[in-house]
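Here's the structure, in structure tokens; my notes come after.
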Amino acid sequence: MKRKPIFLKPYFKEMIWGGNRLRTVFGYDIPSEETGECWAISARSEGESIVTGGVYAGQKLGSLWKNHPELFGYPDSDEKEFPLLTKIIDAKEDLSVQVHPDDTYAQTQENGSLGKTECWYILDCDKDATIVIGHNAKDKEELRRMVEEGRWSELIREIPIHPGDFFQIDPGTVHAIKKGTLVLETQENSDITYRFYDYDRVRDGKKRQLHVEKSLAVAKAPYEPVVREPWVEGNVTRYVYCEHYGVMKVDVTGAMPQMLLQDKAFMNASVVSGSGLIDGLRIQAGDHFIVPFQYGVMALEGDMSVVFSYPTRRYASEGKNYARMHA
């Protein structure tokens, strides 16, 4: 019998910079008017997604990963944690200027954690919205000096953004999502963030903790922009393929179904606009699900856009190199 998609209920996090667009855009039942993050596909213990239907209804994703590895293509793997995390971020105000470590640094300095490679698909943004990617310091010494002197307007690089833009944020990249932006984020399963600067904001009489020395330790200097052009083939746009994940968007329109082969270990899916069907099951904007291992060909119908992500670290069965086989 063919496996079915695994639909998930998100977990929501309130943040000092959050808003209410997770409700107004997607209809989610959010906890407050300062809801900043929807952890849409998450196996992290501090915010797990819950299966909403089928034989696994009510189970947390972490438990499903542990007890049913055959669903994810990792029956013989030593992968202890679900490898990816999918979020929607509603930035009503600016996020902190921050940087993330790579796997090597996080393993030694953060109790064996994964590092944090991430990417952003801009779902929506204000007309003149910007984001921060990179800095202008010529080396580590100048980076430290500009940080210590608080020369943030000179240091950071801001660029304009538009709905549909995509950005890969490699470890060591100084970055910040700015106000008025709604982002779908795909990342390694990690919550390690080092704050360089938080605009001296105060909440409950206190400033948020900064991590300046760790930020300086992992930030790349000088910053070297990397241009990645998406590869478009018909209705499929492939944005990135790196050592941790691949991300692509499928735009479904017209009377004919869009056929898509699921030949990965598993695929995370987020409906980012519109509505339609996956193999006869109705889906709409704000739905998130996992297409399990050995699913085969799926038929997508309707008028919608779906962003898919999948792990690339290794081919699950027999320990083969996943990247080599499925690039």
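Lettering and numbering for the structure tokens are positional, with chains as A, B, ... in the shown order, residues counted from 1 in each chain, and ligands counted from 1 in the shown order.
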Contact residues around A:Gly286 with only C-alpha atoms at 8 Å, ignoring same-chain residues under 4 positions, as a PyMOL selection string: chain A and resi 26-28+270-273
For the residues in that selection, give me C-alpha atoms as an mmCIF file, in the first residue's frame.
data_model
loop_
_atom_site.group_PDB
_atom_site.id
_atom_site.type_symbol
_atom_site.label_atom_id
_atom_site.label_comp_id
_atom_site.auth_asym_id
_atom_site.auth_seq_id
_atom_site.Cartn_x
_atom_site.Cartn_y
_atom_site.Cartn_z
ATOM 1 C CA PHE A 26 -2.439 31.793 6.919
ATOM 2 C CA GLY A 27 -5.325 31.678 9.415
ATOM 3 C CA TYR A 28 -3.264 30.108 12.203
ATOM 4 C CA SER A 270 4.929 23.852 2.699
ATOM 5 C CA VAL A 271 2.003 25.263 0.721
ATOM 6 C CA VAL A 272 2.941 28.947 0.501
ATOM 7 C CA SER A 273 0.021 30.207 -1.606
#
Fewer than 6 positions away in the same chain doesn't count, so skip those; otherwise give me all residues within 12 Å of A:Val227, counting only C-alpha atoms, as JSON, numbers by chain. {"A": [166, 167, 168, 169, 239, 240]}
Excluding A:Asp94 and its own-chain neighbours fewer than 2 positions away, which residues fall within 7 Å of it when counting only C-alpha atoms? Please give them as number ranges by chain. A: 17, 91-92, 96, 177-179
Could you save those same residues with C-alpha atoms as a CSV table (one decimal), in the first residue's frame?
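Result went into again-v4.csv, see below:
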chain,number,residue,atom,x,y,z
A,17,TRP,CA,9.8,41.5,17.1
A,91,ALA,CA,9.1,40.1,11.4
A,92,LYS,CA,6.9,43.0,12.4
A,96,SER,CA,18.9,41.1,15.8
A,177,ILE,CA,15.7,39.8,8.7
A,178,LYS,CA,14.2,43.4,8.8
A,179,LYS,CA,10.8,44.6,9.7
Per-residue nearest contacts of stretch 17-131 of chain A to stretch 191-202 of chain A (10 Å; only C-alpha atoms) as a tab-separated table:
residue	atom	partner	partner_atom	distance
A:Arg44	CA	A:Asp191	CA	8.9
A:Glu46	CA	A:Asp191	CA	10.0
A:Leu85	CA	A:Asp191	CA	9.4
A:Asp94	CA	A:Asp198	CA	8.7
A:Leu95	CA	A:Asp198	CA	7.5
A:Ser96	CA	A:Asp198	CA	4.6
A:Val97	CA	A:Tyr197	CA	5.1
A:Gln98	CA	A:Arg195	CA	4.4
A:Val99	CA	A:Tyr194	CA	5.4
A:His100	CA	A:Thr193	CA	5.4
A:Pro101	CA	A:Ile192	CA	7.5
A:Asp102	CA	A:Ile192	CA	9.8
A:Ala106	CA	A:Ile192	CA	8.0
A:Glu110	CA	A:Ile192	CA	8.1
A:Ser113	CA	A:Ile192	CA	8.1
A:Leu114	CA	A:Ile192	CA	8.2
A:Gly115	CA	A:Ile192	CA	6.9
A:Lys116	CA	A:Ile192	CA	6.7
Requested write-out: N, CA and C atoms of the selected residues, as an mmCIF file, in the first residue's frame:
data_model
loop_
_atom_site.group_PDB
_atom_site.id
_atom_site.type_symbol
_atom_site.label_atom_id
_atom_site.label_comp_id
_atom_site.auth_asym_id
_atom_site.auth_seq_id
_atom_site.Cartn_x
_atom_site.Cartn_y
_atom_site.Cartn_z
ATOM 1 N N ARG A 44 12.236 19.429 17.207
ATOM 2 C CA ARG A 44 12.957 19.910 18.380
ATOM 3 C C ARG A 44 12.065 19.801 19.615
ATOM 4 N N GLU A 46 11.790 21.514 22.231
ATOM 5 C CA GLU A 46 11.216 22.751 22.745
ATOM 6 C C GLU A 46 10.118 23.315 21.856
ATOM 7 N N LEU A 85 14.715 21.757 9.792
ATOM 8 C CA LEU A 85 13.704 22.518 10.513
ATOM 9 C C LEU A 85 13.129 23.537 9.530
ATOM 10 N N ASP A 94 12.525 44.638 13.377
ATOM 11 C CA ASP A 94 13.805 44.063 12.978
ATOM 12 C C ASP A 94 14.236 42.936 13.912
ATOM 13 N N LEU A 95 14.750 41.851 13.334
ATOM 14 C CA LEU A 95 15.454 40.849 14.126
ATOM 15 C C LEU A 95 16.855 41.352 14.428
ATOM 16 N N SER A 96 17.498 40.743 15.413
ATOM 17 C CA SER A 96 18.855 41.134 15.774
ATOM 18 C C SER A 96 19.820 40.878 14.619
ATOM 19 N N VAL A 97 20.913 41.624 14.607
ATOM 20 C CA VAL A 97 22.027 41.332 13.710
ATOM 21 C C VAL A 97 22.768 40.146 14.304
ATOM 22 N N GLN A 98 22.895 39.070 13.557
ATOM 23 C CA GLN A 98 23.346 37.806 14.134
ATOM 24 C C GLN A 98 24.206 37.021 13.169
ATOM 25 N N VAL A 99 24.711 35.901 13.673
ATOM 26 C CA VAL A 99 25.537 35.006 12.872
ATOM 27 C C VAL A 99 25.423 33.615 13.479
ATOM 28 N N HIS A 100 25.586 32.593 12.645
ATOM 29 C CA HIS A 100 25.481 31.210 13.107
ATOM 30 C C HIS A 100 26.797 30.465 12.899
ATOM 31 N N PRO A 101 27.100 29.502 13.768
ATOM 32 C CA PRO A 101 28.312 28.692 13.591
ATOM 33 C C PRO A 101 28.100 27.564 12.592
ATOM 34 N N ASP A 102 29.195 26.987 12.111
ATOM 35 C CA ASP A 102 29.085 25.786 11.294
ATOM 36 C C ASP A 102 29.076 24.560 12.196
ATOM 37 N N ALA A 106 30.033 24.269 16.309
ATOM 38 C CA ALA A 106 28.929 23.933 17.213
ATOM 39 C C ALA A 106 29.180 22.616 17.937
ATOM 40 N N GLU A 110 29.136 23.949 21.484
ATOM 41 C CA GLU A 110 27.722 23.968 21.840
ATOM 42 C C GLU A 110 27.194 22.556 22.125
ATOM 43 N N SER A 113 25.945 20.140 19.307
ATOM 44 C CA SER A 113 24.839 20.575 18.452
ATOM 45 C C SER A 113 25.271 20.632 16.988
ATOM 46 N N LEU A 114 24.291 20.584 16.105
ATOM 47 C CA LEU A 114 24.537 20.920 14.717
ATOM 48 C C LEU A 114 24.771 22.421 14.605
ATOM 49 N N GLY A 115 25.480 22.832 13.570
ATOM 50 C CA GLY A 115 25.562 24.241 13.240
ATOM 51 C C GLY A 115 24.269 24.681 12.585
ATOM 52 N N LYS A 116 24.308 25.857 11.974
ATOM 53 C CA LYS A 116 23.065 26.366 11.401
ATOM 54 C C LYS A 116 23.311 27.002 10.042
#
Could you list, as number ranges by chain, every residue within 6 Å of stretch 31-41 of chain A, counting only C-alpha atoms and ignoring same-chain residues fewer than 2 positions away? A: 10-15, 18-20, 49, 85-90
I need the chosen residues saved as an mmCIF file, in the first residue's frame, with C-alpha atoms.
data_model
loop_
_atom_site.group_PDB
_atom_site.id
_atom_site.type_symbol
_atom_site.label_atom_id
_atom_site.label_comp_id
_atom_site.auth_asym_id
_atom_site.auth_seq_id
_atom_site.Cartn_x
_atom_site.Cartn_y
_atom_site.Cartn_z
ATOM 1 C CA PRO A 10 2.917 23.737 13.810
ATOM 2 C CA TYR A 11 4.314 25.097 17.061
ATOM 3 C CA PHE A 12 4.304 28.882 17.568
ATOM 4 C CA LYS A 13 6.804 31.101 19.366
ATOM 5 C CA GLU A 14 6.235 34.622 20.653
ATOM 6 C CA MET A 15 9.112 37.023 19.985
ATOM 7 C CA GLY A 18 6.800 39.307 16.146
ATOM 8 C CA GLY A 19 3.386 40.305 14.808
ATOM 9 C CA ASN A 20 0.083 38.764 13.726
ATOM 10 C CA SER A 49 5.149 19.536 15.297
ATOM 11 C CA LEU A 85 13.704 22.518 10.513
ATOM 12 C CA THR A 86 11.109 24.506 8.541
ATOM 13 C CA LYS A 87 9.836 27.836 9.903
ATOM 14 C CA ILE A 88 7.710 30.785 8.886
ATOM 15 C CA ILE A 89 9.029 34.034 10.372
ATOM 16 C CA ASP A 90 6.855 37.138 10.784
#
As a ChimeraX atom specification, please: every residue in stretch 171-266 of chain A that DSSP puts in strand (DSSP E). /A:175-177,181-188,194-197,202-203,206-207,231-233,236-241,245-252,258-262
Save out the residues we just selected, N, CA and C atoms, as a short mmCIF file (atom, residue, chain, number, x, y, z; two decimals), in the first residue's frame.
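Ended up saving to again-v7.cif:
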data_model
loop_
_atom_site.label_atom_id
_atom_site.label_comp_id
_atom_site.auth_asym_id
_atom_site.auth_seq_id
_atom_site.Cartn_x
_atom_site.Cartn_y
_atom_site.Cartn_z
N HIS A 175 23.91 38.55 9.35
CA HIS A 175 22.63 38.71 8.67
C HIS A 175 21.55 39.19 9.64
N ALA A 176 20.45 39.67 9.08
CA ALA A 176 19.28 40.05 9.88
C ALA A 176 18.07 40.18 8.97
N ILE A 177 16.96 39.57 9.39
CA ILE A 177 15.68 39.82 8.74
C ILE A 177 15.15 41.14 9.31
N THR A 181 8.66 41.87 6.94
CA THR A 181 9.03 40.73 6.10
C THR A 181 8.44 39.44 6.63
N LEU A 182 7.91 38.63 5.72
CA LEU A 182 7.38 37.30 6.03
C LEU A 182 8.22 36.29 5.25
N VAL A 183 8.84 35.36 5.97
CA VAL A 183 9.87 34.49 5.39
C VAL A 183 9.57 33.03 5.67
N LEU A 184 9.73 32.18 4.66
CA LEU A 184 9.78 30.74 4.87
C LEU A 184 11.25 30.37 4.98
N GLU A 185 11.63 29.79 6.11
CA GLU A 185 13.03 29.45 6.35
C GLU A 185 13.22 27.95 6.41
N THR A 186 14.19 27.47 5.65
CA THR A 186 14.64 26.07 5.74
C THR A 186 16.03 26.09 6.34
N GLN A 187 16.29 25.21 7.32
CA GLN A 187 17.57 25.25 8.01
C GLN A 187 17.94 23.88 8.55
N GLU A 188 19.21 23.77 8.95
CA GLU A 188 19.59 22.61 9.75
C GLU A 188 18.78 22.61 11.04
N TYR A 194 23.92 33.46 17.48
CA TYR A 194 24.78 34.41 18.19
C TYR A 194 24.35 35.83 17.79
N ARG A 195 23.92 36.61 18.78
CA ARG A 195 23.50 37.98 18.51
C ARG A 195 24.70 38.92 18.60
N PHE A 196 24.95 39.62 17.51
CA PHE A 196 25.95 40.69 17.47
C PHE A 196 25.40 41.97 18.09
N TYR A 197 24.15 42.29 17.71
CA TYR A 197 23.58 43.60 18.04
C TYR A 197 22.07 43.48 18.03
N VAL A 202 14.82 46.87 24.97
CA VAL A 202 14.58 46.47 26.35
C VAL A 202 13.23 45.77 26.44
N ARG A 203 13.20 44.63 27.12
CA ARG A 203 11.96 43.90 27.36
C ARG A 203 11.93 43.53 28.84
N LYS A 206 14.99 44.65 30.73
CA LYS A 206 16.30 44.07 30.44
C LYS A 206 16.55 44.02 28.95
N LYS A 207 17.82 44.17 28.58
CA LYS A 207 18.23 43.96 27.21
C LYS A 207 18.43 42.46 26.96
N TRP A 231 17.62 27.48 -10.80
CA TRP A 231 17.49 26.71 -12.03
C TRP A 231 16.00 26.44 -12.24
N VAL A 232 15.45 26.98 -13.33
CA VAL A 232 14.02 26.85 -13.62
C VAL A 232 13.82 25.84 -14.73
N GLU A 233 12.98 24.88 -14.47
CA GLU A 233 12.64 23.85 -15.46
C GLU A 233 11.13 23.66 -15.43
N VAL A 236 8.98 24.07 -12.11
CA VAL A 236 9.82 23.75 -10.95
C VAL A 236 11.02 24.71 -10.91
N THR A 237 11.19 25.38 -9.78
CA THR A 237 12.34 26.27 -9.56
C THR A 237 13.22 25.67 -8.47
N ARG A 238 14.44 25.32 -8.82
CA ARG A 238 15.38 24.76 -7.85
C ARG A 238 16.30 25.88 -7.36
N TYR A 239 16.24 26.16 -6.06
CA TYR A 239 16.95 27.31 -5.51
C TYR A 239 18.36 26.99 -5.02
N VAL A 240 18.49 25.87 -4.33
CA VAL A 240 19.79 25.58 -3.72
C VAL A 240 19.93 24.08 -3.53
N TYR A 241 21.17 23.63 -3.64
CA TYR A 241 21.54 22.26 -3.28
C TYR A 241 22.88 22.36 -2.57
N TYR A 245 20.86 20.42 2.59
CA TYR A 245 19.50 20.36 2.07
C TYR A 245 19.45 20.83 0.62
N GLY A 246 18.37 20.45 -0.03
CA GLY A 246 17.98 21.02 -1.31
C GLY A 246 16.62 21.66 -1.13
N VAL A 247 16.37 22.76 -1.85
CA VAL A 247 15.10 23.47 -1.76
C VAL A 247 14.62 23.82 -3.16
N MET A 248 13.33 23.55 -3.40
CA MET A 248 12.74 23.88 -4.69
C MET A 248 11.28 24.29 -4.50
N LYS A 249 10.74 25.00 -5.49
CA LYS A 249 9.34 25.42 -5.46
C LYS A 249 8.65 24.88 -6.70
N VAL A 250 7.43 24.37 -6.50
CA VAL A 250 6.62 23.88 -7.60
C VAL A 250 5.38 24.77 -7.70
N ASP A 251 5.20 25.40 -8.86
CA ASP A 251 4.02 26.21 -9.13
C ASP A 251 3.03 25.39 -9.92
N VAL A 252 1.85 25.24 -9.36
CA VAL A 252 0.82 24.39 -9.96
C VAL A 252 -0.28 25.28 -10.52
N GLN A 258 0.43 18.50 -12.09
CA GLN A 258 1.89 18.58 -12.11
C GLN A 258 2.43 17.33 -11.43
N MET A 259 3.15 16.50 -12.16
CA MET A 259 3.67 15.26 -11.61
C MET A 259 5.08 15.51 -11.05
N LEU A 260 5.32 15.00 -9.86
CA LEU A 260 6.62 15.20 -9.21
C LEU A 260 7.06 13.89 -8.56
N LEU A 261 8.29 13.48 -8.86
CA LEU A 261 8.82 12.24 -8.30
C LEU A 261 9.47 12.51 -6.96
N GLN A 262 9.06 11.79 -5.94
CA GLN A 262 9.71 11.84 -4.63
C GLN A 262 10.72 10.71 -4.58
#
If I take atom CA of A:Pro163 and atom CA of A:Arg21, how far is one from the other in Å, to one decimal?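 Going from atom CA of A:Pro163 over to atom CA of A:Arg21 covers 14.9 Å.
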Picked from stretch 49-206 of chain A by DSSP as helix (DSSP H, G or I), as a PyMOL selection string: chain A and resi 54-56+61-67+69-71+103-109+140-148+152-155
Would you mind exporting the chosen residues as a tab-separated table (two decimals), in the first residue's frame, restricted to C-alpha atoms?
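Writing done, so here's part-v5.tsv:
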chain	number	residue	atom	x	y	z
A	54	GLY	CA	-3.87	9.07	9.75
A	55	VAL	CA	-2.45	6.15	11.71
A	56	TYR	CA	0.16	8.37	13.42
A	61	LEU	CA	7.54	14.34	14.91
A	62	GLY	CA	10.56	13.48	17.06
A	63	SER	CA	8.87	10.32	18.27
A	64	LEU	CA	7.88	9.39	14.72
A	65	TRP	CA	11.48	9.87	13.57
A	66	LYS	CA	12.76	7.64	16.36
A	67	ASN	CA	10.16	4.87	16.16
A	69	PRO	CA	12.74	5.53	10.60
A	70	GLU	CA	11.45	3.62	7.59
A	71	LEU	CA	9.18	6.60	6.85
A	103	ASP	CA	28.86	22.14	12.37
A	104	THR	CA	32.50	21.92	13.45
A	105	TYR	CA	32.32	24.92	15.79
A	106	ALA	CA	28.93	23.93	17.21
A	107	GLN	CA	30.07	20.38	17.88
A	108	THR	CA	32.92	21.56	20.10
A	109	GLN	CA	31.45	24.74	21.60
A	140	LYS	CA	38.67	40.27	11.47
A	141	GLU	CA	40.51	43.11	13.16
A	142	GLU	CA	38.41	45.78	11.49
A	143	LEU	CA	35.26	43.77	12.17
A	144	ARG	CA	36.04	43.71	15.90
A	145	ARG	CA	36.90	47.40	15.94
A	146	MET	CA	33.69	48.44	14.16
A	147	VAL	CA	31.59	46.26	16.46
A	148	GLU	CA	33.25	47.61	19.61
A	152	TRP	CA	26.64	49.44	12.74
A	153	SER	CA	25.35	51.67	9.95
A	154	GLU	CA	28.81	51.55	8.34
A	155	LEU	CA	29.36	47.86	9.03
Selection: 9 Å around A:Lys127, only C-alpha atoms, excl. self and same-chain fewer than 6 positions, as a CSV table (one decimal) with C-alpha atoms, in the first residue's frame:
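What follows is the written file selection06.csv:
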chain,number,residue,atom,x,y,z
A,161,ILE,CA,14.0,42.5,-1.2
A,162,HIS,CA,10.8,41.5,-3.0
A,180,GLY,CA,7.9,44.1,7.4
Report, in Å with one decimal, the straight-line distance from atom CA of A:Pro311 to atom CA of A:Ala265. 7.1 Å
What separation in Å, quoted to one decimal, exists between atom CA of A:Gly150 and atom CA of A:Glu213? 14.5 Å
Counting only C-alpha atoms, figure out which residue out of A:Ile156, A:Asp204, A:Gly73, A:Glu149 gets nearest to A:Met267.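 Using only C-alpha atoms, the shortest distance to A:Met267 belongs to A:Gly73.
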Between A:Lys9, A:Arg228, A:Arg208, A:Lys2, which has the minimum distance to A:Gln59 (counting only C-alpha atoms)?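 Comparing A:Lys9, A:Arg228, A:Arg208, A:Lys2 against A:Gln59, the winner is A:Lys9.
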